[in-house]
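Here is the structure we will look at.
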Amino acid sequence: MRAGYYTGNYTYEVRQLPERQPVGREVKIEVAWCGLCGTDIHKFRGRAGARPVVPPIILGHECSGIVTEVGPDVKNFRPGDRVACDPSWGCGRCIWCQKGFPNFCTERHGVAKGFADYVFPPEENVYHISDSLDLETAAFAEPLSCAVHGVDLIEPRMGANIVLFGMGAVGGLMLQLLTKTAPRNLIVVELDEAKRELACSLGATQAVTGEELETAVSNINVDYVVECIGLNSTMEQAVKIAGKGAKVLLFGLGDPEKPMQFNQYEAYLRELSIYTSFLNPHTTERALALLESGQINTEALISARLELEEMGEELKTTHYAKKGKVMVRLSGKK
Ligand SMILES: [Zn+2]
Ligand SMILES: [Zn+2]
């Protein structure tokens with residue numbers, strides 16, 4: 001089987017690994033598709049994702065596929081089942097798992113490294129999908145589940161004024177979730193004109209550049225701000241334009257070496273709540289339900305479908321990742 005590795009120092013390699021049988025609760029899944037995540041690009045650049053990076057590591061964590069074999073202790077899956085993975089494993093026994101926060105599990109680690117022909121997650125991280133949901137769309141389960149968790153945290157009230165920064169793949173998913181909270185205004189901030197147009201076609205009431213934003217919000221109280229870029233300039237602008245009593249969700253992944261500037265006094269005058277969102281506790285099943293219902297347009301967010309062998313070039317240039325979601329074709333099954 002092939003696997004796409006980040007091998008350190010900005011290098012990517014497709015290596016051959018021996019195939020093996022699943023053991024214990026492992027489900028062997030022939031990967032159909034795996035999305036390229038912003039955190040994969042962060043890792044390729046030597047920065048931490050949800051965990052510190054020690055190469056060589058197999059990249060990818062947003063995968064779907066078909067079960068080919070199951071370990072002797074697996075109860076709920078059989079060969080031929082169509083499935084999606086939650087790559088984030090929690091032990092279920094530590095104090096954080098017991099408190100209902102598997103994302104903070106003391107033994108948490110990734111169990112579905114999807115830049116590979118096969119993955120072997122334990123069955124608790126595997127989800128059945130219906131025949132009507134194609135496998136490529138199902139590979140959006142993980143990024144969408146992370147976005148659902150972010151929206152869960154800020155609990156938007158209906159009829160609110162919302163500003164969303166960034167129309168990358170995650171911003172595009174977040175936008176579609178936010179439209180379902182019936183906002184009065186849903187203003188997207190995005191530099192790229194094509195993406196601004198896409199934002200309007202997916203339900204934004206307005207799409208503007210960062211420079212146009214202050215005028216766009218001058219007569220409204222911005223109740224919620226969701227930042228899906230992670231640059232200091234946009235995170236700082238997100239806090240700056242937040243209105244009285246606003247909730248600001250900093251969803252984009254910032255640079256750990258270069259923290260943003262934060263003016264506590266200005267935030268105090270408006271009694272801001274600042275949120276961050278870590279992974280996807282208890283949201284995979286709902287993300288899949290949303291995908292199965294057809295309410296999330298994933299096709300509009302896909303910028304390229306690439307082979308595993310093409311990912312070295314893409315990780316270096318981010319040519320297609322800048323335009324939207326890159327999908328890596330493994331078996332390519334629908
Ligand atoms: Zn991801
Ligand atoms: Zn745990």
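A note on labels: chains of the structure tokens are A, B, ... as shown, every chain counts residues from 1, and ligands are counted from 1 in their shown order.
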Ligand 2: which residues are within 7 Å, counting only C-alpha atoms and all ligand atoms, as a PyMOL selection string? chain A and resi 90-97+102+105-108
Leaving out Val189 (chain A) and any residue of its chain fewer than 3 positions from it, which residues lie within 7 Å of it when counting only C-alpha atoms, given as a ChimeraX atom specification? /A:164-166,207-210
Shell around Met174 (chain A) at 7 Å using only C-alpha atoms, local window under 4 positions removed, as a list in words: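 My list of contacting residues is Ala147, Val170 and Leu178 of chain A.
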Write to file, as a PDB file, in the first residue's frame, the residues of the selection just made, with all heavy atoms.
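The resulting file, out.pdb, is reproduced below:
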```pdb
ATOM      1  N   ALA A 147     -16.413  22.545  12.027  1.00  0.00           N
ATOM      2  CA  ALA A 147     -17.187  23.784  11.874  1.00  0.00           C
ATOM      3  C   ALA A 147     -18.453  23.731  12.730  1.00  0.00           C
ATOM      4  O   ALA A 147     -18.833  24.724  13.367  1.00  0.00           O
ATOM      5  CB  ALA A 147     -17.532  24.010  10.402  1.00  0.00           C
ATOM      6  N   VAL A 170     -12.923  25.810   4.749  1.00  0.00           N
ATOM      7  CA  VAL A 170     -13.609  25.823   6.047  1.00  0.00           C
ATOM      8  C   VAL A 170     -14.578  27.003   6.129  1.00  0.00           C
ATOM      9  O   VAL A 170     -15.707  26.860   6.592  1.00  0.00           O
ATOM     10  CB  VAL A 170     -12.595  25.858   7.206  1.00  0.00           C
ATOM     11  CG1 VAL A 170     -13.284  26.174   8.517  1.00  0.00           C
ATOM     12  CG2 VAL A 170     -11.883  24.518   7.306  1.00  0.00           C
ATOM     13  N   LEU A 178     -23.847  28.893   8.985  1.00  0.00           N
ATOM     14  CA  LEU A 178     -24.349  30.154   9.552  1.00  0.00           C
ATOM     15  C   LEU A 178     -25.624  30.626   8.851  1.00  0.00           C
ATOM     16  O   LEU A 178     -26.487  31.238   9.481  1.00  0.00           O
ATOM     17  CB  LEU A 178     -23.262  31.231   9.500  1.00  0.00           C
ATOM     18  CG  LEU A 178     -22.057  30.970  10.423  1.00  0.00           C
ATOM     19  CD1 LEU A 178     -20.944  31.971  10.142  1.00  0.00           C
ATOM     20  CD2 LEU A 178     -22.463  31.022  11.895  1.00  0.00           C
TER      21      LEU A 178
END
```
For Phe251 (chain A), please output as JSON, numbers by chain all residues within 7 Å (counting only C-alpha atoms; exclusion window: fewer than 6 positions along the same chain). {"A": [226, 227, 228, 276, 277]}
Report the residues of region 156-315 of chain A whose backbone DSSP state falls under alpha helix (DSSP H), written as a PyMOL selection string. chain A and resi 169-179+193-201+210-216+232-241+264-269+284-292+311-315
Neighbouring residues of ligand 1 are defined here as those with any atom at most 9 Å from a ligand atom, counting only C-alpha atoms and all ligand atoms; list them as an NGL selection string. :A and (35-40 or 60-62 or 140 or 142-144 or 146 or 170 or 279)
DSSP on the backbone, then: every residue of region 118-220 of chain A marked strand (DSSP E or B), written as an mmCIF file with C-alpha atoms, in the first residue's frame.
```
data_model
loop_
_atom_site.group_PDB
_atom_site.id
_atom_site.type_symbol
_atom_site.label_atom_id
_atom_site.label_comp_id
_atom_site.auth_asym_id
_atom_site.auth_seq_id
_atom_site.Cartn_x
_atom_site.Cartn_y
_atom_site.Cartn_z
ATOM 1 C CA TYR A 118 -5.756 1.927 3.666
ATOM 2 C CA VAL A 119 -6.487 3.229 7.154
ATOM 3 C CA PRO A 122 -10.835 1.501 15.735
ATOM 4 C CA VAL A 126 -15.902 4.867 12.033
ATOM 5 C CA TYR A 127 -19.369 5.986 10.864
ATOM 6 C CA HIS A 128 -21.763 4.307 8.458
ATOM 7 C CA ASN A 161 -25.628 40.349 12.359
ATOM 8 C CA ILE A 162 -22.755 38.024 11.562
ATOM 9 C CA VAL A 163 -19.382 38.722 9.952
ATOM 10 C CA LEU A 164 -17.396 35.787 8.579
ATOM 11 C CA PHE A 165 -13.741 36.177 7.613
ATOM 12 C CA ASN A 185 -26.882 40.206 7.876
ATOM 13 C CA LEU A 186 -24.216 37.668 7.004
ATOM 14 C CA ILE A 187 -21.242 39.578 5.682
ATOM 15 C CA VAL A 188 -18.270 37.679 4.288
ATOM 16 C CA VAL A 189 -14.821 39.280 4.263
ATOM 17 C CA GLN A 206 -22.903 40.738 1.259
ATOM 18 C CA ALA A 207 -19.250 40.006 0.515
ATOM 19 C CA VAL A 208 -16.581 42.666 0.943
#
```
Determine, counting only C-alpha atoms, which protein, DNA and RNA residues have an atom within 12 Å of an atom of region 78-81 of chain A; residues of the same chain fewer than 2 positions away are not included. Present the result as a list in words. Pro22, Glu26, Val27, Lys28, Ile29, Glu30, Ser64, Gly65, Ile66, Val67, Thr68, Glu69, Val70, Gly71, Pro72, Asp73, Val74, Lys75, Asn76, Val83, Ala84, Glu123, Val126, Tyr127, His128, Ile129, Ser130, Asp131 and Leu135 of chain A
Mind pulling up the distance from CA of Met158 (chain A) to CA of Glu214 (chain A)?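 Those two atoms sit 22.8 Å apart.
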What gap, in Å, lies between CA of Tyr275 (chain A) and CA of Ala238 (chain A)?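 Between CA of Tyr275 (chain A) and CA of Ala238 (chain A) the gap is 11.8 Å.
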Shell of 10 Å around Leu202 (chain A), only C-alpha atoms, local chain residues under 5 positions omitted, as a PDB file with all heavy atoms, in the first residue's frame:
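File selection_29.pdb, as written:
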```pdb
ATOM      1  N   GLY A 172     -16.138  28.312   3.707  1.00  0.00           N
ATOM      2  CA  GLY A 172     -17.284  27.958   2.865  1.00  0.00           C
ATOM      3  C   GLY A 172     -18.260  27.019   3.566  1.00  0.00           C
ATOM      4  O   GLY A 172     -19.476  27.106   3.354  1.00  0.00           O
ATOM      5  N   LEU A 173     -17.729  26.126   4.395  1.00  0.00           N
ATOM      6  CA  LEU A 173     -18.606  25.248   5.191  1.00  0.00           C
ATOM      7  C   LEU A 173     -19.266  26.049   6.306  1.00  0.00           C
ATOM      8  O   LEU A 173     -20.478  25.940   6.548  1.00  0.00           O
ATOM      9  CB  LEU A 173     -17.795  24.094   5.796  1.00  0.00           C
ATOM     10  CG  LEU A 173     -17.207  23.080   4.808  1.00  0.00           C
ATOM     11  CD1 LEU A 173     -16.290  22.100   5.546  1.00  0.00           C
ATOM     12  CD2 LEU A 173     -18.309  22.323   4.078  1.00  0.00           C
ATOM     13  N   LEU A 175     -19.872  29.211   6.414  1.00  0.00           N
ATOM     14  CA  LEU A 175     -20.891  30.091   5.828  1.00  0.00           C
ATOM     15  C   LEU A 175     -22.217  29.352   5.688  1.00  0.00           C
ATOM     16  O   LEU A 175     -23.278  29.872   6.067  1.00  0.00           O
ATOM     17  CB  LEU A 175     -20.419  30.591   4.454  1.00  0.00           C
ATOM     18  CG  LEU A 175     -21.463  31.300   3.602  1.00  0.00           C
ATOM     19  CD1 LEU A 175     -21.887  32.606   4.255  1.00  0.00           C
ATOM     20  CD2 LEU A 175     -20.939  31.564   2.190  1.00  0.00           C
ATOM     21  N   GLN A 176     -22.146  28.137   5.163  1.00  0.00           N
ATOM     22  CA  GLN A 176     -23.392  27.407   4.916  1.00  0.00           C
ATOM     23  C   GLN A 176     -24.083  27.019   6.220  1.00  0.00           C
ATOM     24  O   GLN A 176     -25.308  26.985   6.286  1.00  0.00           O
ATOM     25  CB  GLN A 176     -23.113  26.191   4.039  1.00  0.00           C
ATOM     26  CG  GLN A 176     -22.621  26.609   2.649  1.00  0.00           C
ATOM     27  CD  GLN A 176     -22.379  25.421   1.738  1.00  0.00           C
ATOM     28  OE1 GLN A 176     -23.303  24.711   1.379  1.00  0.00           O
ATOM     29  NE2 GLN A 176     -21.124  25.210   1.367  1.00  0.00           N
ATOM     30  N   THR A 179     -25.768  30.323   7.546  1.00  0.00           N
ATOM     31  CA  THR A 179     -27.008  30.722   6.859  1.00  0.00           C
ATOM     32  C   THR A 179     -28.222  30.058   7.506  1.00  0.00           C
ATOM     33  O   THR A 179     -29.328  30.589   7.449  1.00  0.00           O
ATOM     34  CB  THR A 179     -26.999  30.343   5.366  1.00  0.00           C
ATOM     35  OG1 THR A 179     -26.855  28.928   5.245  1.00  0.00           O
ATOM     36  CG2 THR A 179     -25.903  31.033   4.595  1.00  0.00           C
ATOM     37  N   ARG A 196     -15.617  35.878  -3.278  1.00  0.00           N
ATOM     38  CA  ARG A 196     -16.708  36.760  -2.813  1.00  0.00           C
ATOM     39  C   ARG A 196     -17.998  36.432  -3.554  1.00  0.00           C
ATOM     40  O   ARG A 196     -19.074  36.381  -2.966  1.00  0.00           O
ATOM     41  CB  ARG A 196     -16.332  38.232  -3.000  1.00  0.00           C
ATOM     42  CG  ARG A 196     -15.298  38.746  -2.020  1.00  0.00           C
ATOM     43  CD  ARG A 196     -15.346  40.265  -1.883  1.00  0.00           C
ATOM     44  NE  ARG A 196     -15.116  40.962  -3.138  1.00  0.00           N
ATOM     45  CZ  ARG A 196     -13.901  41.251  -3.630  1.00  0.00           C
ATOM     46  NH1 ARG A 196     -12.817  40.900  -2.965  1.00  0.00           N
ATOM     47  NH2 ARG A 196     -13.767  41.893  -4.778  1.00  0.00           N
ATOM     48  N   GLU A 197     -17.867  36.188  -4.855  1.00  0.00           N
ATOM     49  CA  GLU A 197     -19.055  35.813  -5.638  1.00  0.00           C
ATOM     50  C   GLU A 197     -19.623  34.486  -5.158  1.00  0.00           C
ATOM     51  O   GLU A 197     -20.836  34.325  -5.022  1.00  0.00           O
ATOM     52  CB  GLU A 197     -18.704  35.719  -7.129  1.00  0.00           C
ATOM     53  CG  GLU A 197     -18.718  37.078  -7.799  1.00  0.00           C
ATOM     54  CD  GLU A 197     -18.086  37.070  -9.188  1.00  0.00           C
ATOM     55  OE1 GLU A 197     -18.047  35.992  -9.825  1.00  0.00           O
ATOM     56  OE2 GLU A 197     -17.620  38.138  -9.614  1.00  0.00           O
ATOM     57  N   ILE A 296     -25.562  20.929   2.336  1.00  0.00           N
ATOM     58  CA  ILE A 296     -24.231  21.540   2.261  1.00  0.00           C
ATOM     59  C   ILE A 296     -23.673  21.305   0.862  1.00  0.00           C
ATOM     60  O   ILE A 296     -23.536  20.159   0.425  1.00  0.00           O
ATOM     61  CB  ILE A 296     -23.284  20.917   3.310  1.00  0.00           C
ATOM     62  CG1 ILE A 296     -23.888  20.997   4.723  1.00  0.00           C
ATOM     63  CG2 ILE A 296     -21.909  21.597   3.250  1.00  0.00           C
ATOM     64  CD1 ILE A 296     -23.969  22.381   5.319  1.00  0.00           C
ATOM     65  N   ASN A 297     -23.378  22.375   0.182  1.00  0.00           N
ATOM     66  CA  ASN A 297     -22.798  22.281  -1.157  1.00  0.00           C
ATOM     67  C   ASN A 297     -21.278  22.131  -1.017  1.00  0.00           C
ATOM     68  O   ASN A 297     -20.583  23.090  -0.697  1.00  0.00           O
ATOM     69  CB  ASN A 297     -23.157  23.541  -1.955  1.00  0.00           C
ATOM     70  CG  ASN A 297     -22.650  23.476  -3.384  1.00  0.00           C
ATOM     71  OD1 ASN A 297     -21.767  22.683  -3.714  1.00  0.00           O
ATOM     72  ND2 ASN A 297     -23.215  24.301  -4.245  1.00  0.00           N
ATOM     73  N   ALA A 300     -19.063  23.019  -4.755  1.00  0.00           N
ATOM     74  CA  ALA A 300     -18.657  24.406  -5.032  1.00  0.00           C
ATOM     75  C   ALA A 300     -17.342  24.770  -4.346  1.00  0.00           C
ATOM     76  O   ALA A 300     -16.687  25.734  -4.727  1.00  0.00           O
ATOM     77  CB  ALA A 300     -19.756  25.361  -4.555  1.00  0.00           C
TER      78      ALA A 300
END
```
Selected residue, from A:Ala199, A:Ile154, A:Leu288, A:Ala182, that lies nearest to Val225 (chain A) when counting only C-alpha atoms: A:Ile154
Neighbour list for region 321-323 of chain A as a list in words, cut-off 10 Å, only C-alpha atoms, skip fewer than 4 positions in-chain: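 Counting only C-alpha atoms, the residues come to Leu36, Cys37, Gly38, Ile41, Met167, Gly168, Ala169, Asp192, Ala194, Lys195, Leu301, Ile302, Ser303, Ala304, Glu314, Leu315, Thr317 and Met327 of chain A.
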Of the candidates A:Asp86, A:Glu19, A:Glu285, A:Asp117, which shows the shortest atom-to-atom distance to Asn103 (chain A), using only C-alpha atoms?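 Looking only at the distances to Asn103 (chain A), the closest residue turns out to be A:Asp86.
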note - CA of Ala289 (chain A) and CA of Leu177 (chain A) are separated by 12.7 Å
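Remark: for Val151 (chain A), the closest of the candidate residues A:Leu250, A:Val111, A:Ile229, A:Leu306 is A:Leu250 (distances computed over only C-alpha atoms).
With distances restricted to only C-alpha atoms, A:Glu124 is the closest residue to Arg25 (chain A) from A:Thr215, A:Glu124, A:Ile57, A:Asp255.
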